[in-house]
>>> print(open('target22.txt').read())   # compact mmCIF, C-alpha atoms
# COMPACT_ATOMS: atom_id res chain seq x y z
CA MET A 27 17.21 32.73 -12.08
CA SER A 28 18.40 30.49 -14.93
CA GLY A 29 16.06 28.17 -16.85
CA ASP A 30 17.92 25.12 -15.53
CA ARG A 31 17.49 26.29 -11.94
CA ARG A 32 13.79 26.97 -12.47
CA ARG A 33 13.36 23.52 -14.00
CA ARG A 34 15.09 21.89 -11.02
CA ASP A 35 12.91 23.89 -8.63
CA LEU A 36 9.80 22.74 -10.49
CA LEU A 37 10.86 19.09 -10.25
CA GLN A 38 11.47 19.50 -6.53
CA SER A 39 8.01 21.05 -6.16
CA LEU A 40 6.45 18.10 -8.01
CA ARG A 41 8.20 15.66 -5.70
CA GLU A 42 6.93 17.56 -2.67
CA GLN A 43 3.39 17.34 -4.08
CA GLY A 44 3.63 13.55 -4.27
CA ILE A 45 4.91 12.75 -7.76
CA THR A 46 7.20 9.75 -7.25
CA ASP A 47 7.65 8.16 -10.70
CA GLU A 48 11.23 9.06 -11.60
CA SER A 49 10.69 8.34 -15.30
CA VAL A 50 7.88 10.90 -15.37
CA LEU A 51 10.00 13.45 -13.51
CA GLN A 52 12.89 12.82 -15.89
CA ALA A 53 10.65 13.33 -18.92
CA ILE A 54 9.34 16.61 -17.51
CA GLY A 55 12.91 17.66 -16.76
CA GLU A 56 13.95 16.93 -20.35
CA VAL A 57 11.13 18.82 -22.10
CA PRO A 58 11.67 22.61 -22.23
CA ARG A 59 8.30 24.01 -21.19
CA GLU A 60 9.35 27.46 -22.37
CA ALA A 61 9.13 26.13 -25.94
CA PHE A 62 5.38 25.51 -25.45
CA VAL A 63 4.18 28.72 -23.79
CA GLU A 64 3.26 31.97 -25.53
CA ARG A 65 6.05 34.56 -25.64
CA PRO A 66 4.41 37.01 -23.16
CA PHE A 67 4.43 34.23 -20.55
CA ALA A 68 7.95 32.92 -21.17
CA ASP A 69 9.16 34.08 -17.74
CA GLN A 70 6.40 31.97 -16.15
CA ALA A 71 7.21 28.78 -18.06
CA TYR A 72 8.30 26.91 -14.91
CA ALA A 73 5.69 28.32 -12.56
CA ASP A 74 3.38 25.55 -11.40
CA GLN A 75 0.30 27.05 -13.03
CA ALA A 76 -1.78 26.82 -16.19
CA LEU A 77 -1.14 29.51 -18.81
CA PRO A 78 -3.22 30.79 -21.74
CA ILE A 79 -2.40 29.73 -25.31
CA SER A 80 -4.05 30.39 -28.66
CA CYS A 81 -7.73 29.70 -29.45
CA GLY A 82 -8.85 30.39 -25.88
CA GLN A 83 -7.17 27.22 -24.56
CA THR A 84 -4.53 26.64 -21.88
CA ILE A 85 -1.30 24.75 -21.28
CA SER A 86 -1.95 22.67 -18.18
CA GLN A 87 -0.32 23.22 -14.81
CA PRO A 88 2.89 21.11 -14.63
CA TYR A 89 1.61 19.27 -11.56
CA ILE A 90 -1.50 18.15 -13.46
CA VAL A 91 0.64 17.05 -16.41
CA ALA A 92 2.83 15.04 -14.02
CA LEU A 93 -0.14 13.60 -12.14
CA MET A 94 -1.98 12.50 -15.29
CA THR A 95 1.18 11.07 -16.84
CA GLU A 96 2.01 9.13 -13.67
CA ALA A 97 -1.58 7.87 -13.44
CA LEU A 98 -1.37 6.49 -17.00
CA ARG A 99 1.43 4.08 -16.02
CA VAL A 100 3.06 4.37 -19.43
CA GLU A 101 5.55 1.73 -20.56
CA PRO A 102 8.17 2.06 -23.34
CA ALA A 103 6.34 -0.22 -25.79
CA HIS A 104 2.99 1.54 -25.45
CA ARG A 105 0.99 3.38 -28.07
CA VAL A 106 -0.68 6.37 -26.40
CA LEU A 107 -3.63 8.39 -27.71
CA GLU A 108 -3.95 11.98 -26.50
CA ILE A 109 -7.21 13.88 -26.90
CA GLY A 110 -6.45 17.60 -27.11
CA THR A 111 -2.97 18.44 -28.41
CA GLY A 112 -3.16 22.03 -27.21
CA SER A 113 0.33 23.49 -26.98
CA GLY A 114 1.88 20.04 -27.49
CA TYR A 115 3.56 19.96 -24.09
CA GLN A 116 1.77 16.88 -22.76
CA ALA A 117 2.47 14.98 -25.99
CA ALA A 118 6.13 15.96 -25.79
CA VAL A 119 6.37 14.60 -22.24
CA LEU A 120 4.64 11.36 -23.25
CA SER A 121 6.93 10.99 -26.27
CA ARG A 122 9.83 10.47 -23.84
CA LEU A 123 8.05 7.57 -22.19
CA CYS A 124 6.36 5.49 -24.90
CA ARG A 125 6.85 4.08 -28.38
CA ARG A 126 4.47 6.46 -30.15
CA VAL A 127 2.04 9.24 -29.25
CA TYR A 128 -1.06 9.83 -31.37
CA THR A 129 -2.55 13.24 -30.65
CA ILE A 130 -5.73 14.83 -31.98
CA GLU A 131 -6.69 18.51 -31.85
CA ARG A 132 -9.85 20.23 -33.05
CA TYR A 133 -8.13 23.57 -33.72
CA ARG A 134 -5.92 23.45 -36.81
CA THR A 135 -4.00 26.51 -35.59
CA LEU A 136 -3.00 24.77 -32.36
CA SER A 137 -2.12 21.56 -34.20
CA GLU A 138 0.15 23.40 -36.61
CA GLN A 139 1.85 25.36 -33.83
CA ALA A 140 2.43 22.17 -31.84
CA GLY A 141 3.78 20.40 -34.93
CA GLU A 142 6.34 23.13 -35.44
CA ARG A 143 7.46 22.78 -31.83
CA PHE A 144 7.80 19.02 -32.22
CA ARG A 145 9.96 19.51 -35.33
CA ARG A 146 12.20 22.06 -33.61
CA LEU A 147 12.74 19.66 -30.71
CA GLY A 148 13.34 16.65 -32.96
CA LEU A 149 10.38 14.68 -31.60
CA THR A 150 9.74 12.11 -34.32
CA ASN A 151 7.45 9.63 -32.54
CA ILE A 152 4.36 11.86 -32.46
CA THR A 153 1.55 11.44 -34.99
CA GLN A 154 -0.86 14.38 -35.25
CA GLN A 155 -4.40 14.68 -36.54
CA VAL A 156 -6.93 17.51 -36.72
CA GLY A 157 -10.36 16.18 -35.83
CA ASP A 158 -13.09 15.60 -33.28
CA GLY A 159 -11.31 14.28 -30.20
CA SER A 160 -14.43 12.63 -28.82
CA LYS A 161 -14.26 10.18 -31.73
CA GLY A 162 -10.58 9.33 -31.22
CA MET A 163 -8.63 7.68 -34.04
CA PRO A 164 -10.55 4.46 -34.77
CA THR A 165 -8.45 3.52 -37.81
CA LEU A 166 -5.32 3.43 -35.62
CA ALA A 167 -6.88 1.74 -32.58
CA PRO A 168 -6.49 0.00 -30.24
CA PHE A 169 -4.34 2.05 -27.90
CA ASP A 170 -2.58 0.91 -24.73
CA ARG A 171 -3.21 4.23 -23.02
CA ILE A 172 -5.57 7.16 -23.64
CA ILE A 173 -5.25 10.57 -22.01
CA VAL A 174 -7.99 13.18 -22.34
CA THR A 175 -7.02 16.78 -21.62
CA ALA A 176 -10.51 18.29 -21.69
CA ALA A 177 -13.47 17.60 -19.43
CA ALA A 178 -16.36 15.46 -20.68
CA GLN A 179 -19.75 14.79 -19.11
CA GLU A 180 -19.04 11.06 -19.46
CA ALA A 181 -16.11 9.10 -20.81
CA PRO A 182 -16.82 8.98 -24.57
CA GLN A 183 -17.85 5.48 -25.60
CA ALA A 184 -15.82 5.78 -28.80
CA LEU A 185 -12.67 6.23 -26.72
CA LEU A 186 -13.51 3.38 -24.37
CA ASP A 187 -13.97 1.15 -27.41
CA GLN A 188 -10.48 2.10 -28.65
CA LEU A 189 -8.77 1.07 -25.41
CA SER A 190 -6.84 -2.21 -25.51
CA PRO A 191 -7.68 -4.99 -23.03
CA GLY A 192 -5.76 -4.09 -19.89
CA GLY A 193 -5.48 -0.52 -21.17
CA VAL A 194 -5.80 2.63 -19.08
CA MET A 195 -7.56 5.92 -19.75
CA VAL A 196 -7.11 9.04 -17.65
CA VAL A 197 -9.93 11.53 -18.17
CA PRO A 198 -11.42 14.54 -16.35
CA LEU A 199 -15.20 14.30 -15.97
CA GLU A 200 -17.64 17.06 -15.06
CA GLU A 201 -19.73 15.58 -12.27
CA ARG A 202 -21.88 18.67 -11.96
CA PRO A 203 -21.58 22.33 -13.08
CA GLY A 204 -18.40 23.75 -11.62
CA ARG A 205 -17.10 20.43 -10.31
CA GLN A 206 -14.69 18.21 -12.24
CA SER A 207 -12.76 15.16 -11.11
CA LEU A 208 -9.93 13.19 -12.66
CA TRP A 209 -10.61 9.46 -13.16
CA ARG A 210 -8.49 6.48 -14.13
CA ILE A 211 -10.45 3.92 -16.13
CA THR A 212 -8.95 0.47 -16.68
CA ARG A 213 -10.35 -2.01 -19.19
CA ASP A 214 -10.49 -5.52 -17.74
CA GLU A 215 -12.27 -8.78 -18.47
CA GLN A 216 -15.41 -7.60 -16.70
CA GLY A 217 -15.57 -4.24 -18.47
CA PHE A 218 -14.25 -0.97 -17.11
CA ALA A 219 -13.02 -0.31 -13.57
CA ARG A 220 -13.00 3.31 -12.43
CA GLU A 221 -10.80 5.01 -9.83
CA HIS A 222 -11.23 8.59 -8.63
CA LEU A 223 -7.98 10.54 -8.46
CA THR A 224 -8.52 14.22 -7.59
CA ALA A 225 -10.49 17.38 -8.29
CA VAL A 226 -9.36 19.24 -11.42
CA ARG A 227 -10.33 22.07 -13.73
CA PHE A 228 -10.15 21.71 -17.52
CA VAL A 229 -11.67 23.34 -20.56
CA PRO A 230 -14.68 21.34 -21.84
CA LEU A 231 -14.40 18.55 -24.38
CA VAL A 232 -16.41 19.82 -27.36
CA GLU A 233 -17.63 17.55 -30.11
CA GLY A 234 -17.21 18.51 -33.77
CA LEU A 235 -14.70 20.86 -35.37
CA PRO A 236 -14.46 24.60 -34.77
CA ARG A 237 -14.95 27.25 -37.41
CA GLU A 238 -11.59 28.87 -37.98
CA GLY A 239 -10.96 31.89 -40.13
>>> encode(input="target22.txt", output="structure tokens")
Amino acid sequence: MSGDRRRRDLLQSLREQGITDESVLQAIGEVPREAFVERPFADQAYADQALPISCGQTISQPYIVALMTEALRVEPAHRVLEIGTGSGYQAAVLSRLCRRVYTIERYRTLSEQAGERFRRLGLTNITQQVGDGSKGMPTLAPFDRIIVTAAAQEAPQALLDQLSPGGVMVVPLEERPGRQSLWRITRDEQGFAREHLTAVRFVPLVEGLPREG
């Protein structure tokens, strides 16, 4: 089956699972997921499943990418902060929907690999940083939207502080060992309103930088 056919089948599957935002579906259709998976898994690039990448991390299941992106309610003028660059796939999808993506990754290896993919695909509205994702990018805040692609015990206060008034954060939280849920947090005049979305499974959000090499 050709890559184009597999991509169309994936989009149809996402629609059947309840993804309705056509701009999100178009962005996913435009980003070649095969460019973000490891070579041994290239034939599974359009399977609706998470796949392993370097540094013991994963590229998220396409449905979860679509769900989180749709839940963010991204608009073309927005500045979006992503915590956890990983393969770069989520940032690439977001780059089709907003003015600029700022993405932070604790593993330099992953950040460099993602940067090379962005360059090959001509994605010029993505700003990368290697650092502790739980601290965000305070010098570049505030952000209209924040997406966290690793599970925290609680939404990091540093990230909440970097959210613009009216801004939205989508974050997986570990409610108890073995149970994670995806939440949408909106900053309003009263503080932060929280909305439960669905059960998920992500790698943990770890503070600090890893030892590499």
>>> atom_distance(input="target22.txt", atom1="atom CA of Gln206 of chain A", atom2="atom CA of Ala92 of chain A")
17.9 Å
>>> atom_distance(input="target22.txt", atom1="atom CA of Ser113 of chain A", atom2="atom CA of Thr224 of chain A")
23.2 Å
>>> residues_around(input="target22.txt", residues="segment 231-233 of chain A", least_positions_apart="3", cutoff="7 Å", atoms="only C-alpha atoms", output="PyMOL selection string")
chain A and resi 158+160+176-178
>>> residues_near_point(input="target22.txt", point="(-12.5, 27.5, -33.0)", cutoff="8 Å", atoms="all atoms listed in the file", output="PyMOL selection string")
chain A and resi 81+132-133+235-238
>>> atom_distance(input="target22.txt", atom1="atom CA of Ala225 of chain A", atom2="atom CA of Ser207 of chain A")
4.2 Å
>>> closest_residue(input="target22.txt", among="A:Arg59, A:Arg99, A:Trp209, A:Ala118", to="Gly192 of chain A", atoms="all atoms listed in the file")
A:Arg99
>>> closest_residue(input="target22.txt", among="A:Leu36, A:Leu51, A:Val127, A:Ile109", to="Gln70 of chain A", atoms="only C-alpha atoms")
A:Leu36
>>> closest_residue(input="target22.txt", among="A:Asp30, A:Glu142, A:Glu56, A:Asp187", to="Gly217 of chain A", atoms="only C-alpha atoms")
A:Asp187
>>> axis_aligned_box(input="target22.txt", around="segment 116-133 of chain A", padding_each_side="6 Å", output="AutoDock Vina command-line options")
--center_x 0.0 --center_y 13.8 --center_z -28.0 --size_x 31.7 --size_y 31.5 --size_z 23.5
>>> closest_residue(input="target22.txt", among="A:Ile130, A:Pro164, A:Thr46, A:Arg122", to="Gly148 of chain A", atoms="all atoms listed in the file")
A:Arg122
>>> residues_around(input="target22.txt", residues="Pro102 of chain A", least_positions_apart="3", cutoff="12 Å", atoms="only C-alpha atoms", output="compact mmCIF listing (two decimals) with C-alpha atoms, in the coordinates of the input")
# COMPACT_ATOMS: atom_id res chain seq x y z
CA SER A 49 10.69 8.34 -15.30
CA VAL A 50 7.88 10.90 -15.37
CA ARG A 99 1.43 4.08 -16.02
CA ARG A 105 0.99 3.38 -28.07
CA VAL A 106 -0.68 6.37 -26.40
CA LEU A 120 4.64 11.36 -23.25
CA SER A 121 6.93 10.99 -26.27
CA ARG A 122 9.83 10.47 -23.84
CA LEU A 123 8.05 7.57 -22.19
CA CYS A 124 6.36 5.49 -24.90
CA ARG A 125 6.85 4.08 -28.38
CA ARG A 126 4.47 6.46 -30.15
CA VAL A 127 2.04 9.24 -29.25
CA ASN A 151 7.45 9.63 -32.54
CA ASP A 170 -2.58 0.91 -24.73
CA ARG A 171 -3.21 4.23 -23.02
>>> closest_residue(input="target22.txt", among="A:Pro191, A:Gly112, A:Pro66, A:Gly204", to="Ala140 of chain A", atoms="only C-alpha atoms")
A:Gly112
>>> closest_residue(input="target22.txt", among="A:Val196, A:Met163, A:Val229, A:Val119", to="Phe144 of chain A", atoms="all atoms listed in the file")
A:Val119
>>> residues_around(input="target22.txt", residues="Gln87 of chain A", least_positions_apart="3", cutoff="9 Å", atoms="all atoms listed in the file", output="ChimeraX atom specification")
/A:73-77,84,90-92
>>> residues_around(input="target22.txt", residues="Leu147 of chain A", least_positions_apart="4", cutoff="10 Å", atoms="only C-alpha atoms", output="PDB file with C-alpha atoms, in the coordinates of the input")
ATOM      1  CA  VAL A  57      11.130  18.820 -22.100  1.00  0.00           C
ATOM      2  CA  PRO A  58      11.670  22.610 -22.230  1.00  0.00           C
ATOM      3  CA  ALA A  61       9.130  26.130 -25.940  1.00  0.00           C
ATOM      4  CA  ALA A 118       6.130  15.960 -25.790  1.00  0.00           C
ATOM      5  CA  GLY A 141       3.780  20.400 -34.930  1.00  0.00           C
ATOM      6  CA  GLU A 142       6.340  23.130 -35.440  1.00  0.00           C
ATOM      7  CA  ARG A 143       7.460  22.780 -31.830  1.00  0.00           C
TER       8      ARG A 143
END
>>> decode(input="target22.txt", residues="segment 48-75 of chain A", atoms="N, CA and C atoms", output="PDB file, in the first residue's frame")
ATOM      1  N   GLU A  48     -11.146  20.062  10.917  1.00  0.00           N
ATOM      2  CA  GLU A  48     -10.555  19.809   9.607  1.00  0.00           C
ATOM      3  C   GLU A  48      -9.163  20.419   9.472  1.00  0.00           C
ATOM      4  N   SER A  49      -8.896  21.522  10.182  1.00  0.00           N
ATOM      5  CA  SER A  49      -7.552  22.106  10.102  1.00  0.00           C
ATOM      6  C   SER A  49      -6.532  21.183  10.744  1.00  0.00           C
ATOM      7  N   VAL A  50      -6.907  20.526  11.830  1.00  0.00           N
ATOM      8  CA  VAL A  50      -6.022  19.555  12.475  1.00  0.00           C
ATOM      9  C   VAL A  50      -5.801  18.359  11.555  1.00  0.00           C
ATOM     10  N   LEU A  51      -6.863  17.840  10.979  1.00  0.00           N
ATOM     11  CA  LEU A  51      -6.738  16.709  10.059  1.00  0.00           C
ATOM     12  C   LEU A  51      -5.877  17.067   8.853  1.00  0.00           C
ATOM     13  N   GLN A  52      -6.044  18.288   8.344  1.00  0.00           N
ATOM     14  CA  GLN A  52      -5.232  18.711   7.209  1.00  0.00           C
ATOM     15  C   GLN A  52      -3.762  18.778   7.594  1.00  0.00           C
ATOM     16  N   ALA A  53      -3.472  19.314   8.776  1.00  0.00           N
ATOM     17  CA  ALA A  53      -2.079  19.409   9.221  1.00  0.00           C
ATOM     18  C   ALA A  53      -1.455  18.021   9.346  1.00  0.00           C
ATOM     19  N   ILE A  54      -2.197  17.087   9.927  1.00  0.00           N
ATOM     20  CA  ILE A  54      -1.686  15.724  10.055  1.00  0.00           C
ATOM     21  C   ILE A  54      -1.496  15.099   8.682  1.00  0.00           C
ATOM     22  N   GLY A  55      -2.396  15.397   7.765  1.00  0.00           N
ATOM     23  CA  GLY A  55      -2.259  14.874   6.404  1.00  0.00           C
ATOM     24  C   GLY A  55      -1.069  15.447   5.665  1.00  0.00           C
ATOM     25  N   GLU A  56      -0.641  16.657   6.033  1.00  0.00           N
ATOM     26  CA  GLU A  56       0.470  17.315   5.341  1.00  0.00           C
ATOM     27  C   GLU A  56       1.837  16.938   5.902  1.00  0.00           C
ATOM     28  N   VAL A  57       1.890  16.453   7.135  1.00  0.00           N
ATOM     29  CA  VAL A  57       3.179  16.135   7.767  1.00  0.00           C
ATOM     30  C   VAL A  57       3.498  14.657   7.547  1.00  0.00           C
ATOM     31  N   PRO A  58       4.604  14.341   6.893  1.00  0.00           N
ATOM     32  CA  PRO A  58       4.956  12.942   6.631  1.00  0.00           C
ATOM     33  C   PRO A  58       5.477  12.247   7.894  1.00  0.00           C
ATOM     34  N   ARG A  59       4.631  11.453   8.514  1.00  0.00           N
ATOM     35  CA  ARG A  59       5.040  10.823   9.783  1.00  0.00           C
ATOM     36  C   ARG A  59       6.239   9.899   9.593  1.00  0.00           C
ATOM     37  N   GLU A  60       6.406   9.369   8.394  1.00  0.00           N
ATOM     38  CA  GLU A  60       7.538   8.477   8.159  1.00  0.00           C
ATOM     39  C   GLU A  60       8.874   9.185   8.352  1.00  0.00           C
ATOM     40  N   ALA A  61       8.881  10.521   8.239  1.00  0.00           N
ATOM     41  CA  ALA A  61      10.115  11.278   8.446  1.00  0.00           C
ATOM     42  C   ALA A  61      10.490  11.375   9.919  1.00  0.00           C
ATOM     43  N   PHE A  62       9.583  10.974  10.826  1.00  0.00           N
ATOM     44  CA  PHE A  62       9.803  11.143  12.262  1.00  0.00           C
ATOM     45  C   PHE A  62       9.940   9.825  13.019  1.00  0.00           C
ATOM     46  N   VAL A  63       9.792   8.705  12.332  1.00  0.00           N
ATOM     47  CA  VAL A  63       9.932   7.414  13.006  1.00  0.00           C
ATOM     48  C   VAL A  63      11.306   6.837  12.705  1.00  0.00           C
ATOM     49  N   GLU A  64      11.760   5.929  13.562  1.00  0.00           N
ATOM     50  CA  GLU A  64      13.044   5.270  13.345  1.00  0.00           C
ATOM     51  C   GLU A  64      12.924   4.325  12.144  1.00  0.00           C
ATOM     52  N   ARG A  65      14.033   4.159  11.435  1.00  0.00           N
ATOM     53  CA  ARG A  65      14.019   3.385  10.185  1.00  0.00           C
ATOM     54  C   ARG A  65      13.413   1.984  10.336  1.00  0.00           C
ATOM     55  N   PRO A  66      13.714   1.234  11.418  1.00  0.00           N
ATOM     56  CA  PRO A  66      13.122  -0.116  11.517  1.00  0.00           C
ATOM     57  C   PRO A  66      11.598  -0.122  11.586  1.00  0.00           C
ATOM     58  N   PHE A  67      11.004   1.034  11.892  1.00  0.00           N
ATOM     59  CA  PHE A  67       9.544   1.107  12.036  1.00  0.00           C
ATOM     60  C   PHE A  67       8.888   1.889  10.898  1.00  0.00           C
ATOM     61  N   ALA A  68       9.632   2.131   9.827  1.00  0.00           N
ATOM     62  CA  ALA A  68       9.113   2.962   8.737  1.00  0.00           C
ATOM     63  C   ALA A  68       7.822   2.406   8.152  1.00  0.00           C
ATOM     64  N   ASP A  69       7.693   1.077   8.102  1.00  0.00           N
ATOM     65  CA  ASP A  69       6.488   0.492   7.509  1.00  0.00           C
ATOM     66  C   ASP A  69       5.281   0.622   8.433  1.00  0.00           C
ATOM     67  N   GLN A  70       5.514   1.079   9.672  1.00  0.00           N
ATOM     68  CA  GLN A  70       4.420   1.268  10.619  1.00  0.00           C
ATOM     69  C   GLN A  70       4.109   2.748  10.853  1.00  0.00           C
ATOM     70  N   ALA A  71       4.672   3.616  10.017  1.00  0.00           N
ATOM     71  CA  ALA A  71       4.564   5.058  10.246  1.00  0.00           C
ATOM     72  C   ALA A  71       3.114   5.528  10.334  1.00  0.00           C
ATOM     73  N   TYR A  72       2.206   4.910   9.594  1.00  0.00           N
ATOM     74  CA  TYR A  72       0.815   5.361   9.589  1.00  0.00           C
ATOM     75  C   TYR A  72      -0.118   4.422  10.341  1.00  0.00           C
ATOM     76  N   ALA A  73       0.475   3.509  11.101  1.00  0.00           N
ATOM     77  CA  ALA A  73      -0.338   2.716  12.031  1.00  0.00           C
ATOM     78  C   ALA A  73      -0.713   3.623  13.198  1.00  0.00           C
ATOM     79  N   ASP A  74      -1.910   3.464  13.704  1.00  0.00           N
ATOM     80  CA  ASP A  74      -2.376   4.323  14.794  1.00  0.00           C
ATOM     81  C   ASP A  74      -1.859   3.780  16.126  1.00  0.00           C
ATOM     82  N   GLN A  75      -0.545   3.912  16.314  1.00  0.00           N
ATOM     83  CA  GLN A  75       0.077   3.407  17.533  1.00  0.00           C
ATOM     84  C   GLN A  75       1.346   4.202  17.826  1.00  0.00           C
TER      85      GLN A  75
END
